[in-house]
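Visitor: The file below is protein.cif, mmCIF, C-alpha atoms:
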data_protein
#
loop_
_atom_site.label_atom_id
_atom_site.label_comp_id
_atom_site.auth_asym_id
_atom_site.auth_seq_id
_atom_site.Cartn_x
_atom_site.Cartn_y
_atom_site.Cartn_z
CA GLN A 1 0.44 -7.81 15.57
CA ILE A 2 -1.21 -5.54 13.05
CA ILE A 3 -4.66 -4.38 14.14
CA LYS A 4 -7.13 -3.14 11.55
CA LYS A 5 -7.91 0.54 12.08
CA TYR A 6 -11.26 2.09 11.21
CA PHE A 7 -11.46 5.84 10.96
CA THR A 8 -13.97 7.83 12.96
CA THR A 9 -16.64 9.91 11.34
CA SER A 10 -14.99 13.04 12.75
CA VAL A 11 -11.80 12.30 10.82
CA LEU A 12 -13.80 11.50 7.71
CA ARG A 13 -15.86 14.67 8.11
CA SER A 14 -12.66 16.71 8.36
CA ILE A 15 -11.49 15.20 5.08
CA LEU A 16 -14.77 15.83 3.37
CA GLN A 17 -14.95 19.48 4.44
CA LYS A 18 -12.24 20.22 1.89
CA ASP A 19 -14.78 19.55 -0.84
CA ASN A 20 -17.11 22.46 -1.67
CA ASN A 21 -20.02 20.26 -2.70
CA ALA A 22 -21.97 19.64 0.50
CA ASP A 23 -24.39 17.16 -1.06
CA GLU A 24 -21.60 15.09 -2.52
CA ASN A 25 -19.85 15.17 0.86
CA LYS A 26 -22.93 13.76 2.55
CA GLN A 27 -23.19 11.00 -0.04
CA THR A 28 -19.51 10.15 0.36
CA GLU A 29 -19.77 9.98 4.13
CA THR A 30 -22.75 7.65 3.87
CA LEU A 31 -20.88 5.50 1.36
CA PHE A 32 -17.90 5.12 3.67
CA THR A 33 -19.98 4.40 6.76
CA ILE A 34 -22.11 1.80 4.99
CA ASN A 35 -19.04 0.15 3.53
CA ILE A 36 -17.45 -0.19 6.98
CA ASN A 37 -20.62 -1.57 8.58
CA VAL A 38 -21.36 -3.97 5.74
CA GLY A 39 -17.77 -5.13 5.56
CA SER A 40 -17.57 -5.82 9.28
CA SER A 41 -20.73 -7.92 9.21
CA ASN A 42 -19.83 -9.68 5.95
CA THR A 43 -23.42 -9.51 4.70
CA ASN A 44 -23.21 -7.79 1.36
CA LYS A 45 -20.23 -8.47 -0.92
CA LEU A 46 -20.22 -7.16 -4.46
CA LYS A 47 -20.37 -10.05 -6.91
CA GLU A 48 -18.29 -8.61 -9.71
CA VAL A 49 -14.93 -7.18 -8.64
CA SER A 50 -14.15 -5.96 -12.14
CA SER A 51 -17.43 -4.05 -12.27
CA ARG A 52 -16.73 -2.51 -8.87
CA ASP A 53 -13.24 -1.45 -9.93
CA ARG A 54 -14.58 0.22 -13.08
CA LYS A 55 -17.08 2.20 -11.03
CA ILE A 56 -14.43 3.24 -8.50
CA SER A 57 -12.03 4.31 -11.27
CA LYS A 58 -14.55 6.94 -12.40
CA MET A 59 -14.96 8.51 -8.96
CA PRO A 60 -13.38 11.85 -7.96
CA PRO A 61 -9.91 11.08 -6.51
CA ASN A 62 -10.67 11.80 -2.83
CA LYS A 63 -13.96 9.92 -2.89
CA ARG A 64 -12.25 6.99 -4.57
CA LEU A 65 -9.46 6.91 -1.97
CA ILE A 66 -11.98 6.88 0.87
CA LYS A 67 -13.73 3.89 -0.68
CA GLU A 68 -10.44 2.09 -1.39
CA LEU A 69 -9.34 2.69 2.20
CA ALA A 70 -12.49 1.05 3.52
CA SER A 71 -12.16 -1.84 1.08
CA ILE A 72 -8.55 -2.54 2.06
CA GLN A 73 -9.30 -2.47 5.77
CA ASN A 74 -12.19 -4.90 5.24
CA ASP A 75 -10.80 -7.28 2.65
CA ALA A 76 -6.99 -7.28 2.66
CA GLY A 77 -6.52 -9.59 5.64
CA ASP A 78 -4.16 -9.05 8.55
CA TYR A 79 -0.97 -8.50 6.54
CA VAL A 80 -1.55 -4.76 6.05
CA SER A 81 -2.84 -1.77 8.01
CA ILE A 82 -3.11 1.89 7.05
CA GLU A 83 -2.75 5.21 8.86
CA LEU A 84 -3.53 8.63 7.45
CA ASP A 85 -1.23 11.63 7.68
CA GLY A 86 -3.57 13.69 9.84
CA ASP A 87 -6.74 14.31 7.84
CA ASP A 88 -4.98 14.19 4.46
CA ILE A 89 -6.54 11.32 2.49
CA THR A 90 -3.82 11.60 -0.18
CA LYS A 91 -0.98 10.56 2.14
CA TRP A 92 -0.97 7.13 3.75
CA THR A 93 1.43 5.20 5.92
CA VAL A 94 1.08 1.54 5.02
CA LYS A 95 2.34 -1.05 7.50
CA MET A 96 2.90 -4.37 5.80
CA LYS A 97 4.02 -7.74 7.05
CA GLY A 98 7.00 -9.13 5.19
CA PRO A 99 6.15 -11.97 2.80
CA PRO A 100 6.54 -15.54 4.12
CA ASN A 101 9.54 -17.64 3.18
CA SER A 102 11.71 -14.56 2.73
CA PRO A 103 14.32 -12.74 4.84
CA TYR A 104 11.60 -10.20 5.65
CA SER A 105 9.01 -12.61 7.05
CA ASN A 106 9.58 -11.72 10.72
CA GLY A 107 9.14 -7.97 10.29
CA ILE A 108 6.51 -5.31 9.72
CA PHE A 109 7.60 -2.62 7.25
CA SER A 110 6.31 0.94 7.01
CA LEU A 111 5.91 2.60 3.61
CA SER A 112 4.69 6.03 2.53
CA PHE A 113 2.06 6.27 -0.23
CA ASP A 114 1.61 9.68 -1.87
CA PHE A 115 -1.43 9.94 -4.16
CA LYS A 116 -0.72 13.38 -5.62
CA SER A 117 -1.31 12.22 -9.25
CA TYR A 118 -3.65 9.31 -8.51
CA PRO A 119 -5.44 7.63 -10.27
CA PHE A 120 -3.85 8.82 -13.52
CA LYS A 121 -0.53 7.63 -12.11
CA PRO A 122 0.14 5.11 -9.35
CA PRO A 123 0.98 6.43 -5.89
CA VAL A 124 4.58 7.37 -5.17
CA VAL A 125 5.78 4.64 -2.81
CA LYS A 126 8.82 4.71 -0.54
CA PHE A 127 9.99 2.48 2.27
CA ILE A 128 10.18 4.28 5.60
CA THR A 129 11.70 1.23 7.22
CA ARG A 130 15.26 0.56 6.09
CA VAL A 131 15.39 -2.58 3.98
CA TYR A 132 18.15 -4.50 2.22
CA HIS A 133 16.87 -5.26 -1.27
CA PRO A 134 18.08 -4.91 -4.88
CA ASN A 135 15.06 -2.81 -5.90
CA VAL A 136 15.06 -0.42 -2.92
CA LYS A 137 17.51 2.44 -2.36
CA THR A 138 19.07 1.65 0.99
CA ASP A 139 19.48 5.29 2.04
CA THR A 140 16.19 6.79 0.80
CA GLY A 141 13.71 3.89 0.59
CA GLU A 142 12.94 4.73 -3.04
CA ILE A 143 11.71 1.88 -5.22
CA CYS A 144 11.96 1.61 -8.99
CA THR A 145 9.06 3.70 -10.32
CA GLY A 146 8.77 1.58 -13.45
CA LEU A 147 7.65 -1.41 -11.41
CA LEU A 148 4.36 0.34 -10.58
CA GLU A 149 4.02 2.60 -13.62
CA GLU A 150 4.45 -0.16 -16.18
CA ASP A 151 1.03 -1.16 -17.52
CA TRP A 152 -0.65 1.19 -15.04
CA ALA A 153 -4.31 2.05 -15.70
CA PRO A 154 -6.86 3.94 -13.58
CA THR A 155 -8.84 0.72 -13.17
CA LEU A 156 -6.00 -0.63 -11.00
CA ASN A 157 -6.01 0.33 -7.34
CA THR A 158 -4.00 0.79 -4.18
CA LEU A 159 -4.25 -2.82 -3.06
CA HIS A 160 -2.71 -3.79 -6.39
CA CYS A 161 0.25 -1.52 -5.58
CA ILE A 162 0.61 -2.97 -2.08
CA ASN A 163 0.65 -6.50 -3.47
CA VAL A 164 3.18 -5.57 -6.18
CA VAL A 165 5.56 -4.24 -3.52
CA ARG A 166 5.03 -7.23 -1.25
CA ASN A 167 5.64 -9.64 -4.11
CA LEU A 168 8.74 -7.64 -5.07
CA MET A 169 10.17 -8.18 -1.59
CA ALA A 170 9.96 -11.95 -2.06
CA HIS A 171 10.95 -11.96 -5.74
CA PRO A 172 13.43 -9.21 -6.64
CA GLU A 173 13.43 -7.84 -10.19
CA LEU A 174 17.10 -8.14 -11.04
CA ASP A 175 16.53 -6.44 -14.41
CA HIS A 176 15.57 -3.22 -12.58
CA PRO A 177 18.02 -2.89 -9.66
CA LEU A 178 18.47 0.36 -7.79
CA GLU A 179 21.29 -1.22 -5.78
CA THR A 180 23.49 -3.00 -8.33
CA GLU A 181 25.85 -4.46 -5.73
CA ILE A 182 22.98 -6.02 -3.82
CA ALA A 183 21.56 -7.41 -7.07
CA GLN A 184 24.93 -8.93 -7.88
CA GLN A 185 25.17 -10.44 -4.42
CA TYR A 186 21.68 -11.91 -4.80
CA SER A 187 22.73 -13.57 -8.06
CA GLU A 188 26.15 -14.80 -6.95
CA ASN A 189 25.89 -15.39 -3.22
CA LEU A 190 22.29 -15.82 -2.12
CA LYS A 191 23.19 -16.99 1.40
CA ASP A 192 25.13 -13.81 2.15
CA TYR A 193 22.31 -11.70 0.72
CA GLU A 194 19.74 -13.43 2.92
CA LYS A 195 21.99 -13.10 5.96
CA THR A 196 22.29 -9.32 5.49
CA ALA A 197 18.60 -8.90 4.67
CA LEU A 198 17.72 -10.82 7.84
CA LYS A 199 19.98 -8.53 9.88
CA TYR A 200 18.31 -5.41 8.44
CA THR A 201 14.90 -6.89 9.25
CA LYS A 202 15.95 -7.60 12.82
CA ASP A 203 17.56 -4.17 13.31
CA PHE A 204 15.03 -1.90 11.60
CA ALA A 205 11.66 -3.58 11.06
CA GLN A 206 8.90 -3.67 13.63
CA LYS A 207 8.56 -7.09 15.22
CA LYS A 208 5.44 -9.10 14.46
#
So that I can check it, write out the structure of this file as structure tokens.
Guide:
Amino acid sequence: QIIKKYFTTSVLRSILQKDNNADENKQTETLFTININVGSSNTNKLKEVSSRDRKISKMPPNKRLIKELASIQNDAGDYVSIELDGDDITKWTVKMKGPPNSPYSNGIFSLSFDFKSYPFKPPVVKFITRVYHPNVKTDTGEICTGLLEEDWAPTLNTLHCINVVRNLMAHPELDHPLETEIAQQYSENLKDYEKTALKYTKDFAQKK
């Protein structure tokens, strides 16, 4: 079972110390703490998501990622959890439940998210867990970059990327295969594809 993880103020403070602006750091820490407390009590939801996203898109990258992290932990439900790579806010490990009614539904899959060019470009996403899928390189976990970069804009966010990948698992894009043989098998022999994908899920994914 995935358990939501909230980050301590000491971890957050370590992240914020990398910024030279002490006043802005204090404001960012307050923003994160309030967001966690408000989200956990469900007392103060923003009415206009589009307005919120526009405001977040204009934030400095690290401050924006901190706010997105809090938002995902509060609002995304129990199908996803996030861990940081130490105190580096730009590198996440995302653990995601496989989509229902798919060969991946009984597993939890780990992915790396690298935000080195975010938000001007989407995060670089790779599967850590081995997965059998037409759009994922079996040996490296790489996914087709065009699937996230197409129509990307800074007003989009990390949760959008997570949902794109999760939807991709259930509905492969056969026009953009990274594994052409798997794509062909999906088109011509769906039962064999699902059988192999189920085996990969059983052998490599974390159990729910």
Visitor: What is the atom CA of Pro119 of chain A to atom CA of Gly146 of chain A distance in Å?
Guide: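 Separation of atom CA of Pro119 of chain A and atom CA of Gly146 of chain A: 15.8 Å.
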Visitor: Suppose a student applies the PyMOL selection byres ((chain A and resi 127) around 8) to this structure; what residues should they get, written as an mmCIF file with C-alpha atoms, in the frame of the given file?
Guide:
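Saved as expr_37.cif:
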data_model
loop_
_atom_site.group_PDB
_atom_site.id
_atom_site.type_symbol
_atom_site.label_atom_id
_atom_site.label_comp_id
_atom_site.auth_asym_id
_atom_site.auth_seq_id
_atom_site.Cartn_x
_atom_site.Cartn_y
_atom_site.Cartn_z
ATOM 1 C CA PHE A 109 7.600 -2.620 7.250
ATOM 2 C CA SER A 110 6.310 0.940 7.010
ATOM 3 C CA LEU A 111 5.910 2.600 3.610
ATOM 4 C CA SER A 112 4.690 6.030 2.530
ATOM 5 C CA VAL A 125 5.780 4.640 -2.810
ATOM 6 C CA LYS A 126 8.820 4.710 -0.540
ATOM 7 C CA ILE A 128 10.180 4.280 5.600
ATOM 8 C CA THR A 129 11.700 1.230 7.220
ATOM 9 C CA ARG A 130 15.260 0.560 6.090
ATOM 10 C CA VAL A 131 15.390 -2.580 3.980
ATOM 11 C CA VAL A 136 15.060 -0.420 -2.920
ATOM 12 C CA THR A 140 16.190 6.790 0.800
ATOM 13 C CA GLY A 141 13.710 3.890 0.590
ATOM 14 C CA GLU A 142 12.940 4.730 -3.040
ATOM 15 C CA ILE A 143 11.710 1.880 -5.220
#
Visitor: If you take all atoms listed in the file and a cut-off of 10 Å, which residues of segment 148-194 of chain A touch segment 58-73 of chain A, and what are their nearest atom pairs and distances in Å to one decimal, in chain and number order, as a tab-separated table?
Guide:
residue	atom	partner	partner_atom	distance
A:Pro154	CA	A:Lys58	CA	8.3
A:Thr155	CA	A:Lys58	CA	8.5
A:Asn157	CA	A:Glu68	CA	7.6
A:Thr158	CA	A:Glu68	CA	7.1
A:Leu159	CA	A:Ile72	CA	6.7
Visitor: Quick one: of A:Asp139, A:Lys121, A:Leu148, A:Pro103, who's nearest to Asp192 of chain A, counting all atoms listed in the file?
Guide: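 When distances to Asp192 of chain A are compared using all atoms listed in the file, the smallest one comes from A:Pro103.
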Visitor: Please write as a PyMOL selection string the full residue list that the PyMOL selection byres ((chain A and resi 205) around 10) yields on this file.
Guide: chain A and resi 97-98+104+106-110+128-131+198-204+206-208
Visitor: Given the PyMOL selection byres ((chain A and resi 102) around 12) and the file above, list the residues it selects as a list in words.
Guide: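 With the PyMOL selection byres ((chain A and resi 102) around 12) on this model, the match is Lys97, Gly98, Pro99, Pro100, Asn101, Pro103, Tyr104, Ser105, Asn106, Gly107, Tyr132, His133, Arg166, Asn167, Leu168, Met169, Ala170, His171, Pro172, Leu190, Lys191, Tyr193, Glu194, Lys195, Ala197, Leu198 and Thr201 of chain A.
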Visitor: Extract, using only C-alpha atoms, all DNA, RNA and protein residues at most 7 Å from Pro123 of chain A, discarding same-chain residues fewer than 4 positions from it, and format them as a list in words.
Guide: Phe113, Asp114, Phe115 and Tyr118 of chain A
Visitor: Would you work out the distance separating atom CA of Ser117 of chain A from atom CA of Asp175 of chain A, expressed in Å to one decimal?
Guide: 26.3 Å
Visitor: For each of A:Pro122, A:Gly86, A:Gln184, A:Lys137, take the minimum atom-to-atom distance to Trp152 of chain A, counting all atoms listed in the file, then give the residue where this is smallest.
Guide: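 The answer is A:Pro122, which sits nearest to Trp152 of chain A.
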Visitor: Of the residues A:Ala76, A:Ile89, A:Val164, A:Ile82, which is the one nearest to Lys116 of chain A, using all atoms listed in the file?
Guide: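 Using all atoms listed in the file, the shortest distance to Lys116 of chain A belongs to A:Ile89.
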Visitor: So that all listed atoms of segment 125-136 of chain A fit with 5 Å spare on each side, what axis-aligned box centre and edge lengths in Å, to one decimal, would you give as AutoDock Vina command-line options?
Guide:
--center_x 12.0 --center_y -0.3 --center_z 0.7 --size_x 22.4 --size_y 20.0 --size_z 23.1
Visitor: For Val94 of chain A, which residue out of A:His176, A:Val80, A:Glu181, A:Cys144 is the nearest one, using all atoms listed in the file?
Guide: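 Residue with the minimum atom-to-atom distance to Val94 of chain A: A:Val80.
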Visitor: Measuring between all atoms listed in the file, which one of A:Pro134, A:Asp85, A:Thr145, A:Tyr79 shows the shortest distance to Asn163 of chain A?
Guide: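 Selected residue with least distance to Asn163 of chain A: A:Tyr79.
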Visitor: Pick from A:Thr138, A:Ser187, A:Ile162, A:Val124: nearest to Ser81 of chain A, with all atoms listed in the file counted?
Guide: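 Among the listed residues, A:Ile162 lies closest to Ser81 of chain A.
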Visitor: Please measure the separation of atom CA of Asp151 of chain A and atom CA of Phe120 of chain A, giving the value in Å to one decimal.
Guide: 11.8 Å
